[in-house]
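*Asks:* Got coords_0.csv for you, CSV, C-alpha atoms and all ligand atoms:
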chain,number,residue,atom,x,y,z
A,15,MET,CA,112.9,95.4,105.7
A,16,PRO,CA,109.2,94.6,106.8
A,17,ILE,CA,106.7,94.1,104.0
A,18,LEU,CA,104.4,96.7,105.6
A,19,GLN,CA,105.2,99.6,107.9
A,20,VAL,CA,102.5,101.6,109.6
A,21,LYS,CA,104.2,104.7,110.9
A,22,ASP,CA,102.5,107.0,113.3
A,23,VAL,CA,99.2,106.8,111.5
A,24,THR,CA,96.2,108.9,112.4
A,25,LYS,CA,92.8,108.9,110.8
A,26,VAL,CA,90.4,111.6,111.6
A,27,TYR,CA,86.8,111.6,110.2
A,28,GLU,CA,85.6,115.1,110.0
A,29,GLY,CA,81.9,115.7,110.5
A,30,LYS,CA,79.6,117.4,112.9
A,31,VAL,CA,81.6,115.6,115.5
A,32,THR,CA,85.3,115.0,114.7
A,33,ASN,CA,86.2,111.3,115.2
A,34,ARG,CA,89.8,110.2,115.7
A,35,ALA,CA,89.3,106.6,114.6
A,36,ILE,CA,93.1,105.8,114.5
A,37,ASN,CA,95.5,107.7,116.7
A,38,GLN,CA,99.3,107.6,116.1
A,39,LEU,CA,99.4,103.9,115.5
A,40,SER,CA,102.7,102.3,114.5
A,41,PHE,CA,103.6,98.7,113.8
A,42,ASP,CA,105.6,96.6,111.3
A,43,LEU,CA,104.6,93.4,109.5
A,44,ALA,CA,107.2,90.9,108.4
A,45,LYS,CA,106.9,89.0,105.2
A,46,GLY,CA,105.2,85.7,105.8
A,47,GLU,CA,103.6,86.9,109.1
A,48,PHE,CA,99.9,86.0,109.9
A,49,LEU,CA,98.7,88.9,112.0
A,50,ALA,CA,95.3,89.2,113.8
A,51,VAL,CA,93.9,92.6,114.7
A,52,MET,CA,91.5,92.6,117.6
A,53,GLY,CA,89.7,95.3,119.6
A,54,PRO,CA,86.3,96.2,120.9
A,55,SER,CA,83.6,97.4,118.6
A,56,GLY,CA,84.4,100.9,117.3
A,57,SER,CA,88.1,100.6,118.2
A,58,GLY,CA,89.2,101.3,114.6
A,59,LYS,CA,89.9,97.8,113.1
A,60,THR,CA,88.0,98.3,109.9
A,61,THR,CA,89.4,101.8,109.5
A,62,LEU,CA,92.9,100.3,109.9
A,63,LEU,CA,92.2,97.7,107.3
A,64,ASN,CA,90.8,100.4,104.9
A,65,LEU,CA,94.0,102.4,105.4
A,66,ILE,CA,96.2,99.4,104.7
A,67,SER,CA,94.1,98.4,101.7
A,68,THR,CA,94.4,102.0,100.3
A,69,ILE,CA,90.6,102.3,100.3
A,70,ASP,CA,91.1,105.3,102.6
A,71,LYS,CA,94.1,107.6,103.2
A,72,PRO,CA,95.6,108.5,106.6
A,73,THR,CA,95.1,112.0,107.9
A,74,SER,CA,98.8,111.9,109.0
A,75,GLY,CA,101.6,109.4,109.2
A,76,ASP,CA,102.8,106.9,106.6
A,77,ILE,CA,101.9,103.5,105.3
A,78,VAL,CA,104.7,101.9,103.4
A,79,PHE,CA,104.5,98.6,101.3
A,80,ASN,CA,108.0,97.4,100.6
A,81,TYR,CA,109.3,100.7,99.3
A,82,ILE,CA,106.0,102.0,97.9
A,83,LYS,CA,103.9,104.7,99.6
A,84,PRO,CA,100.4,104.1,98.1
A,85,GLN,CA,99.2,107.5,99.3
A,86,ASN,CA,101.6,109.1,96.8
A,87,LEU,CA,100.3,107.1,93.8
A,88,ASN,CA,97.8,108.6,91.4
A,89,LYS,CA,94.4,107.0,90.8
A,90,THR,CA,95.6,104.7,87.9
A,91,GLU,CA,98.7,103.7,89.7
A,92,LEU,CA,96.7,103.0,92.9
A,93,ALA,CA,94.2,100.8,91.0
A,94,PHE,CA,97.1,98.9,89.5
A,95,PHE,CA,98.9,98.6,92.9
A,96,ARG,CA,95.7,97.3,94.6
A,97,ARG,CA,95.0,94.8,91.8
A,98,ARG,CA,98.6,93.4,91.9
A,99,GLU,CA,99.7,93.6,95.5
A,100,LEU,CA,96.5,93.0,97.6
A,101,GLY,CA,94.1,90.1,98.0
A,102,PHE,CA,90.8,90.6,99.9
A,103,ILE,CA,88.6,88.2,101.9
A,104,PHE,CA,85.4,89.6,103.3
A,105,GLN,CA,82.9,88.4,105.9
A,106,ASP,CA,80.1,88.0,103.4
A,107,PHE,CA,82.4,86.5,100.7
A,108,ASN,CA,81.6,89.2,98.1
A,109,LEU,CA,81.3,86.7,95.2
A,110,LEU,CA,79.6,87.9,92.0
A,111,PRO,CA,76.3,86.0,91.9
A,112,MET,CA,76.0,86.0,88.1
A,113,LEU,CA,79.4,84.4,87.6
A,114,THR,CA,80.3,80.8,88.1
A,115,VAL,CA,82.8,79.7,90.8
A,116,GLU,CA,85.5,79.4,88.2
A,117,GLU,CA,84.8,82.9,86.7
A,118,ASN,CA,84.8,84.4,90.2
A,119,ILE,CA,88.2,82.9,91.0
A,120,VAL,CA,89.9,84.1,87.8
A,121,LEU,CA,88.4,87.6,88.0
A,122,PRO,CA,91.5,89.3,89.3
A,123,LEU,CA,93.5,87.8,86.3
A,124,THR,CA,90.7,88.7,83.9
A,125,LEU,CA,90.8,92.3,85.1
A,126,ASP,CA,94.6,92.3,84.7
A,127,GLN,CA,94.3,90.9,81.2
A,128,GLN,CA,96.5,87.9,81.9
A,129,PRO,CA,96.8,85.2,79.2
A,130,VAL,CA,94.4,82.3,79.3
A,131,ASP,CA,97.1,79.6,79.8
A,132,VAL,CA,98.3,81.5,83.0
A,133,MET,CA,94.7,81.6,84.2
A,134,GLU,CA,94.1,77.9,83.6
A,135,GLU,CA,97.3,76.8,85.2
A,136,ARG,CA,96.7,78.9,88.4
A,137,LEU,CA,93.0,78.0,88.5
A,138,ASN,CA,93.8,74.3,88.3
A,139,THR,CA,96.4,74.4,91.0
A,140,LEU,CA,94.2,76.4,93.4
A,141,ALA,CA,91.1,74.3,92.7
A,142,GLU,CA,93.1,71.2,93.5
A,143,ARG,CA,94.6,72.6,96.7
A,144,LEU,CA,91.4,74.2,98.0
A,145,ASP,CA,89.3,71.2,97.0
A,146,LEU,CA,87.1,73.2,94.7
A,147,LYS,CA,87.0,71.0,91.6
A,148,PRO,CA,83.5,69.7,92.2
A,149,PHE,CA,81.9,73.2,92.2
A,150,MET,CA,83.7,75.0,89.4
A,151,ASN,CA,80.6,75.4,87.2
A,152,LYS,CA,78.2,76.2,90.0
A,153,ARG,CA,77.1,79.7,91.0
A,154,PRO,CA,77.6,81.2,94.5
A,155,ASN,CA,74.0,80.6,95.5
A,156,GLU,CA,74.4,76.9,94.8
A,157,ILE,CA,77.3,76.3,97.3
A,158,SER,CA,77.6,76.4,101.1
A,159,GLY,CA,79.0,79.3,103.1
A,160,GLY,CA,82.2,77.4,103.8
A,161,GLN,CA,82.6,76.5,100.1
A,162,ALA,CA,81.9,80.1,99.2
A,163,GLN,CA,84.6,81.4,101.5
A,164,ARG,CA,87.1,78.8,100.0
A,165,VAL,CA,86.2,80.3,96.6
A,166,ALA,CA,86.8,83.8,97.9
A,167,ILE,CA,90.2,82.7,99.3
A,168,ALA,CA,91.1,81.2,95.9
A,169,ARG,CA,90.1,84.5,94.3
A,170,ALA,CA,92.3,86.4,96.8
A,171,LEU,CA,95.3,84.2,96.0
A,172,ILE,CA,95.2,83.7,92.3
A,173,HIS,CA,97.1,86.8,91.4
A,174,ARG,CA,99.8,86.0,94.0
A,175,PRO,CA,99.4,89.2,96.0
A,176,SER,CA,102.0,90.4,98.5
A,177,ILE,CA,99.4,90.7,101.3
A,178,ILE,CA,96.0,89.1,102.0
A,179,LEU,CA,93.6,91.4,103.9
A,180,ALA,CA,90.8,89.5,105.6
A,181,ASP,CA,87.9,91.3,107.4
A,182,GLU,CA,86.1,88.8,109.8
A,183,PRO,CA,86.5,86.0,107.3
A,184,THR,CA,84.8,83.5,109.6
A,185,GLY,CA,82.1,85.9,110.8
A,186,ASN,CA,79.3,84.2,108.7
A,187,LEU,CA,80.4,80.6,109.2
A,188,ASP,CA,79.5,78.0,111.7
A,189,SER,CA,82.3,76.6,113.9
A,190,ASN,CA,83.2,73.6,111.6
A,191,ASN,CA,83.4,75.8,108.5
A,192,SER,CA,85.3,78.5,110.4
A,193,ARG,CA,87.9,76.0,111.5
A,194,GLU,CA,88.3,74.7,108.0
A,195,VAL,CA,88.8,78.2,106.6
A,196,LEU,CA,91.3,79.1,109.4
A,197,GLU,CA,93.2,75.9,108.9
A,198,LEU,CA,93.3,76.7,105.2
A,199,LEU,CA,94.6,80.2,105.7
A,200,SER,CA,97.2,78.9,108.2
A,201,LYS,CA,98.4,76.3,105.7
A,202,ILE,CA,98.6,78.8,102.9
A,203,ASN,CA,100.6,81.1,105.2
A,204,LYS,CA,103.0,78.4,106.3
A,205,GLU,CA,103.5,76.7,102.9
A,206,ARG,CA,103.7,79.8,100.7
A,207,GLN,CA,104.9,82.4,103.2
A,208,THR,CA,101.8,84.4,102.3
A,209,THR,CA,101.5,87.5,104.5
A,210,ILE,CA,98.0,87.8,106.0
A,211,VAL,CA,96.3,90.5,108.1
A,212,MET,CA,93.0,89.4,109.6
A,213,VAL,CA,90.6,91.5,111.6
A,214,THR,CA,88.6,89.3,113.9
A,215,HIS,CA,86.4,89.4,117.0
A,216,ASP,CA,86.9,85.7,117.6
A,217,PRO,CA,89.8,84.6,119.9
A,218,ILE,CA,89.7,81.1,118.5
A,219,ALA,CA,90.3,82.5,115.0
A,220,ALA,CA,93.1,84.8,116.3
A,221,SER,CA,94.8,81.7,117.9
A,222,PHE,CA,95.6,80.5,114.4
A,223,CYS,CA,97.9,83.6,113.9
A,224,ASP,CA,101.5,84.3,114.7
A,225,ARG,CA,100.8,87.6,116.5
A,226,VAL,CA,97.7,89.5,117.7
A,227,LEU,CA,97.7,93.2,117.7
A,228,PHE,CA,95.1,94.7,120.1
A,229,ILE,CA,93.8,98.2,119.6
A,230,LYS,CA,91.6,100.3,121.7
A,231,ASP,CA,90.1,103.7,120.9
A,232,GLY,CA,92.3,103.7,117.7
A,233,GLU,CA,95.5,103.3,119.7
A,234,PHE,CA,97.9,100.5,120.3
A,235,PHE,CA,96.9,98.6,123.4
A,236,ASN,CA,99.0,95.4,123.4
A,237,GLU,CA,100.5,92.7,121.1
A,238,ILE,CA,101.3,89.1,121.8
A,239,TYR,CA,103.2,86.5,119.8
A,240,ARG,CA,102.5,82.8,119.5
A,241,ASP,CA,105.5,81.0,120.8
A,242,ASP,CA,103.8,78.0,122.3
A,243,ARG,CA,100.8,75.7,121.9
A,244,ARG,CA,97.7,77.2,120.3
A,245,GLN,CA,95.7,76.4,123.5
A,246,THR,CA,98.2,78.5,125.6
A,247,PHE,CA,98.2,81.3,123.0
A,248,PHE,CA,94.3,81.2,123.1
A,249,GLN,CA,94.4,81.7,126.9
A,250,ARG,CA,96.8,84.6,126.6
A,251,ILE,CA,94.5,86.2,124.0
A,252,LEU,CA,91.6,85.8,126.4
A,253,ASN,CA,93.7,87.4,129.1
A,254,VAL,CA,94.4,90.5,127.0
A,255,LEU,CA,90.7,90.7,125.9
A,256,SER,CA,89.6,90.6,129.5
A,257,LEU,CA,91.9,93.6,130.2
A,258,LEU,CA,90.4,95.3,127.1
A,259,GLY,CA,86.9,94.8,128.4
A,260,GLY,CA,83.6,94.5,126.6
A,261,GLY,CA,83.8,90.8,125.7
A,262,GLN,CA,82.4,87.5,127.1
A,263,VAL,CA,85.7,86.1,127.9
A,264,GLY,CA,84.4,84.3,130.9
A,265,ASP,CA,82.3,82.0,128.7
A,266,LEU,CA,85.2,81.1,126.6
A,267,SER,CA,88.0,80.5,129.1
A,268,SER,CA,87.0,76.8,129.6
A,269,ILE,CA,87.2,76.0,125.9
A,270,ARG,CA,89.6,73.3,124.8
A,271,LEU,CA,90.7,73.9,121.3
A,272,PRO,CA,90.5,70.9,118.9
B,1,LIG,N1,83.2,106.9,107.4
B,1,LIG,C1,83.2,107.2,108.6
B,1,LIG,N2,82.8,108.5,109.0
B,1,LIG,C2,82.8,108.9,110.3
B,1,LIG,N3,83.2,108.1,111.3
B,1,LIG,C3,83.5,106.8,111.0
B,1,LIG,C4,83.6,106.3,109.7
B,1,LIG,N4,84.0,105.0,109.7
B,1,LIG,C5,84.2,104.7,111.0
B,1,LIG,N5,83.9,105.8,111.8
B,1,LIG,C6,84.1,105.8,113.2
B,1,LIG,O1,85.4,105.5,113.5
B,1,LIG,C7,85.5,104.6,114.7
B,1,LIG,C8,86.1,103.3,114.4
B,1,LIG,O2,85.3,102.6,113.5
B,1,LIG,P1,85.6,101.2,112.9
B,1,LIG,O3,84.5,100.8,112.0
B,1,LIG,O4,87.0,101.3,112.3
B,1,LIG,O5,85.7,100.3,114.2
B,1,LIG,P2,85.8,98.7,114.3
B,1,LIG,O6,86.7,98.4,115.4
B,1,LIG,O7,86.0,98.1,113.0
B,1,LIG,O8,84.3,98.3,114.8
B,1,LIG,P3,83.4,97.0,114.7
B,1,LIG,O9,84.2,95.9,115.4
B,1,LIG,O10,82.1,97.3,115.3
B,1,LIG,O11,83.3,96.7,113.2
B,1,LIG,C9,84.0,104.5,115.2
B,1,LIG,O12,83.8,105.5,116.2
B,1,LIG,C10,83.2,104.8,114.0
B,1,LIG,O13,82.0,105.3,114.4
Since I need it in another form, could you write the structure as structure tokens?
Ligand SMILES: Nc1ncnc2c1ncn2[C@@H]1O[C@H](COP(=O)(O)OP(=O)(O)OP(=O)(O)O)[C@@H](O)[C@H]1O

*Replies:*
Amino acid sequence: MPILQVKDVTKVYEGKVTNRAINQLSFDLAKGEFLAVMGPSGSGKTTLLNLISTIDKPTSGDIVFNYIKPQNLNKTELAFFRRRELGFIFQDFNLLPMLTVEENIVLPLTLDQQPVDVMEERLNTLAERLDLKPFMNKRPNEISGGQAQRVAIARALIHRPSIILADEPTGNLDSNNSREVLELLSKINKERQTTIVMVTHDPIAASFCDRVLFIKDGEFFNEIYRDDRRQTFFQRILNVLSLLGGGQVGDLSSIRLP
């Protein structure tokens, strides 16, 4: 049984002009998979992430987590589901500026009214693993972008969610910090079998994943699995992107991945 099933999902935004942002899209996600979603601007990536994250509801079709259909939950159940099952990582980190690094990380457990000893134990483990110990009492504006994203990753992991949803997590980072964050996500995925869905424009970021799902105009375009070296996978990602159009694939094709 996949951890997530997207079944024939359509999302139509009604307005002056009707916009079919996702059209009859279907795919499964296995537990422990690290999936990248790619596609040109406006192809429906954020809409898809909003549907999976239950922020938005499909117009038709089903999204099933394990055996749960979030669209059938009431508001309270949905809030509980989101808090327990999902972890979010955003491009702009979304840390609360008034809280310290430590307070930001434990926020999901605070909201869930978990006991202090559980918070402390998990906080210590994550701070150690993500190398955050030196910054625990700092505020978000006192740390670098790369450090802020590591804090956001710790916050996304602390309640041990079933799925991590990441929207362009390296979009605001330079190449060194991007690589560090991607290696960290990859390590967490491999060591803990944490399931991750990551929307990205960046083929280098996508090359860290197990599979890339490409969408175009809200529809399935292609998917490729990593079964070889990251460099070869990267070249295959570039090949699909050049078929999709709209990118600067030519500039990237000579890149040797570190
Ligand atoms: N709330 C909304 N109301 C109406 N139309 C919307 C809404 N959100 C997105 N759209 C439209 O749905 C389509 C898909 O948008 P979406 O933001 O999901 O694409 P995207 O692939 O994430 O784009 P980008 O890479 O530029 O972030 C676009 O045509 C967009 O204009």

*Asks:* Residues within 12 Å of ligand LIG 1 (chain B) (all atoms listed in the file), as a VMD selection string?

*Replies:* chain A and resid 24 to 37 51 to 65 69 to 71 105 181 to 182 185 212 to 216 228 to 233 260 to 261

*Asks:* May I have the selected residues written with C-alpha atoms, as a PDB file, keeping the file's coordinate frame?

*Replies:*
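This went into out_9.pdb:
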ATOM      1  CA  THR A  24      96.200 108.900 112.400  1.00  0.00           C
ATOM      2  CA  LYS A  25      92.800 108.900 110.800  1.00  0.00           C
ATOM      3  CA  VAL A  26      90.400 111.600 111.600  1.00  0.00           C
ATOM      4  CA  TYR A  27      86.800 111.600 110.200  1.00  0.00           C
ATOM      5  CA  GLU A  28      85.600 115.100 110.000  1.00  0.00           C
ATOM      6  CA  GLY A  29      81.900 115.700 110.500  1.00  0.00           C
ATOM      7  CA  LYS A  30      79.600 117.400 112.900  1.00  0.00           C
ATOM      8  CA  VAL A  31      81.600 115.600 115.500  1.00  0.00           C
ATOM      9  CA  THR A  32      85.300 115.000 114.700  1.00  0.00           C
ATOM     10  CA  ASN A  33      86.200 111.300 115.200  1.00  0.00           C
ATOM     11  CA  ARG A  34      89.800 110.200 115.700  1.00  0.00           C
ATOM     12  CA  ALA A  35      89.300 106.600 114.600  1.00  0.00           C
ATOM     13  CA  ILE A  36      93.100 105.800 114.500  1.00  0.00           C
ATOM     14  CA  ASN A  37      95.500 107.700 116.700  1.00  0.00           C
ATOM     15  CA  VAL A  51      93.900  92.600 114.700  1.00  0.00           C
ATOM     16  CA  MET A  52      91.500  92.600 117.600  1.00  0.00           C
ATOM     17  CA  GLY A  53      89.700  95.300 119.600  1.00  0.00           C
ATOM     18  CA  PRO A  54      86.300  96.200 120.900  1.00  0.00           C
ATOM     19  CA  SER A  55      83.600  97.400 118.600  1.00  0.00           C
ATOM     20  CA  GLY A  56      84.400 100.900 117.300  1.00  0.00           C
ATOM     21  CA  SER A  57      88.100 100.600 118.200  1.00  0.00           C
ATOM     22  CA  GLY A  58      89.200 101.300 114.600  1.00  0.00           C
ATOM     23  CA  LYS A  59      89.900  97.800 113.100  1.00  0.00           C
ATOM     24  CA  THR A  60      88.000  98.300 109.900  1.00  0.00           C
ATOM     25  CA  THR A  61      89.400 101.800 109.500  1.00  0.00           C
ATOM     26  CA  LEU A  62      92.900 100.300 109.900  1.00  0.00           C
ATOM     27  CA  LEU A  63      92.200  97.700 107.300  1.00  0.00           C
ATOM     28  CA  ASN A  64      90.800 100.400 104.900  1.00  0.00           C
ATOM     29  CA  LEU A  65      94.000 102.400 105.400  1.00  0.00           C
ATOM     30  CA  ILE A  69      90.600 102.300 100.300  1.00  0.00           C
ATOM     31  CA  ASP A  70      91.100 105.300 102.600  1.00  0.00           C
ATOM     32  CA  LYS A  71      94.100 107.600 103.200  1.00  0.00           C
ATOM     33  CA  GLN A 105      82.900  88.400 105.900  1.00  0.00           C
ATOM     34  CA  ASP A 181      87.900  91.300 107.400  1.00  0.00           C
ATOM     35  CA  GLU A 182      86.100  88.800 109.800  1.00  0.00           C
ATOM     36  CA  GLY A 185      82.100  85.900 110.800  1.00  0.00           C
ATOM     37  CA  MET A 212      93.000  89.400 109.600  1.00  0.00           C
ATOM     38  CA  VAL A 213      90.600  91.500 111.600  1.00  0.00           C
ATOM     39  CA  THR A 214      88.600  89.300 113.900  1.00  0.00           C
ATOM     40  CA  HIS A 215      86.400  89.400 117.000  1.00  0.00           C
ATOM     41  CA  ASP A 216      86.900  85.700 117.600  1.00  0.00           C
ATOM     42  CA  PHE A 228      95.100  94.700 120.100  1.00  0.00           C
ATOM     43  CA  ILE A 229      93.800  98.200 119.600  1.00  0.00           C
ATOM     44  CA  LYS A 230      91.600 100.300 121.700  1.00  0.00           C
ATOM     45  CA  ASP A 231      90.100 103.700 120.900  1.00  0.00           C
ATOM     46  CA  GLY A 232      92.300 103.700 117.700  1.00  0.00           C
ATOM     47  CA  GLU A 233      95.500 103.300 119.700  1.00  0.00           C
ATOM     48  CA  GLY A 260      83.600  94.500 126.600  1.00  0.00           C
ATOM     49  CA  GLY A 261      83.800  90.800 125.700  1.00  0.00           C
TER      50      GLY A 261
END

*Asks:* Would you mind listing, for every residue of stretch 70-174 of chain A within 9 Å of stretch 15-19 of chain A, the two atoms forming the shortest contact and the distance between them in Å to one decimal, using only C-alpha atoms, sorted by chain and ascending residue number, as CSV?

*Replies:*
residue,atom,partner,partner_atom,distance
A:Asp76,CA,A:Gln19,CA,7.8
A:Ile77,CA,A:Gln19,CA,5.7
A:Val78,CA,A:Gln19,CA,5.1
A:Phe79,CA,A:Leu18,CA,4.7
A:Asn80,CA,A:Ile17,CA,4.9
A:Tyr81,CA,A:Ile17,CA,8.5

*Asks:* Considering only C-alpha atoms, can you say which of A:Gln249, A:Asn186, A:Ser221, A:Thr209 comes closest to A:Gly101?

*Replies:*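 Using only C-alpha atoms, the shortest distance to A:Gly101 belongs to A:Thr209.
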
*Asks:* For A:Thr114, which residue out of A:Asn236, A:Ser74, A:Asn151, A:Gln38 is the nearest one, using only C-alpha atoms?

*Replies:*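 Once distances to A:Thr114 are computed over only C-alpha atoms, the minimum belongs to A:Asn151.
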
*Asks:* Find the distance between atom CA of A:Ala166 and atom CA of A:Asn108 and write it in Å to one decimal.

*Replies:*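 We find that atom CA of A:Ala166 and atom CA of A:Asn108 lie 7.5 Å from each other.
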
*Asks:* Per residue of stretch 37-137 of chain A within 8 Å of stretch 152-164 of chain A, record the nearest atom pair and its distance in Å to one decimal, counting only C-alpha atoms, with rows in chain order and ascending residue number, as CSV.

*Replies:*
residue,atom,partner,partner_atom,distance
A:Ile103,CA,A:Gln163,CA,7.9
A:Phe107,CA,A:Gln163,CA,5.6
A:Leu109,CA,A:Pro154,CA,6.7
A:Leu110,CA,A:Pro154,CA,7.4
A:Pro111,CA,A:Pro154,CA,5.6
A:Met112,CA,A:Arg153,CA,7.0
A:Leu113,CA,A:Arg153,CA,6.2
A:Thr114,CA,A:Arg153,CA,4.5
A:Val115,CA,A:Arg153,CA,5.7

*Asks:* Which value, in Å to one decimal, gives the distance between atom CA of A:Leu87 and atom CA of A:Thr68?

*Replies:* 10.2 Å

*Asks:* How many Å separate atom CA of A:Glu205 from atom CA of A:Arg193?

*Replies:*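 Separation between atom CA of A:Glu205 and atom CA of A:Arg193: 17.8 Å.
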
*Asks:* So that I can see what lies close to A:Arg96, please list as an mmCIF file with C-alpha atoms, in the coordinates of the input the residues with an atom at most 12 Å from it, counting only C-alpha atoms and leaving out residues fewer than 4 positions away in the same chain.

*Replies:*
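Generated file (selection03.cif):
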data_model
loop_
_atom_site.group_PDB
_atom_site.id
_atom_site.type_symbol
_atom_site.label_atom_id
_atom_site.label_comp_id
_atom_site.auth_asym_id
_atom_site.auth_seq_id
_atom_site.Cartn_x
_atom_site.Cartn_y
_atom_site.Cartn_z
ATOM 1 C CA ASN A 64 90.800 100.400 104.900
ATOM 2 C CA ILE A 66 96.200 99.400 104.700
ATOM 3 C CA SER A 67 94.100 98.400 101.700
ATOM 4 C CA THR A 68 94.400 102.000 100.300
ATOM 5 C CA ILE A 69 90.600 102.300 100.300
ATOM 6 C CA PHE A 79 104.500 98.600 101.300
ATOM 7 C CA ILE A 82 106.000 102.000 97.900
ATOM 8 C CA PRO A 84 100.400 104.100 98.100
ATOM 9 C CA GLN A 85 99.200 107.500 99.300
ATOM 10 C CA LEU A 87 100.300 107.100 93.800
ATOM 11 C CA ASN A 88 97.800 108.600 91.400
ATOM 12 C CA LYS A 89 94.400 107.000 90.800
ATOM 13 C CA THR A 90 95.600 104.700 87.900
ATOM 14 C CA GLU A 91 98.700 103.700 89.700
ATOM 15 C CA LEU A 92 96.700 103.000 92.900
ATOM 16 C CA LEU A 100 96.500 93.000 97.600
ATOM 17 C CA GLY A 101 94.100 90.100 98.000
ATOM 18 C CA PHE A 102 90.800 90.600 99.900
ATOM 19 C CA PRO A 122 91.500 89.300 89.300
ATOM 20 C CA LEU A 125 90.800 92.300 85.100
ATOM 21 C CA ASP A 126 94.600 92.300 84.700
ATOM 22 C CA ALA A 170 92.300 86.400 96.800
ATOM 23 C CA HIS A 173 97.100 86.800 91.400
ATOM 24 C CA PRO A 175 99.400 89.200 96.000
ATOM 25 C CA SER A 176 102.000 90.400 98.500
ATOM 26 C CA ILE A 177 99.400 90.700 101.300
ATOM 27 C CA ILE A 178 96.000 89.100 102.000
ATOM 28 C CA LEU A 179 93.600 91.400 103.900
#

*Asks:* I'd like to know which of A:Leu43, A:Lys21, A:Phe104, A:Tyr239 is closest to A:Leu187, using only C-alpha atoms.

*Replies:*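 Between A:Leu43, A:Lys21, A:Phe104, A:Tyr239, the residue approaching A:Leu187 most closely is A:Phe104.
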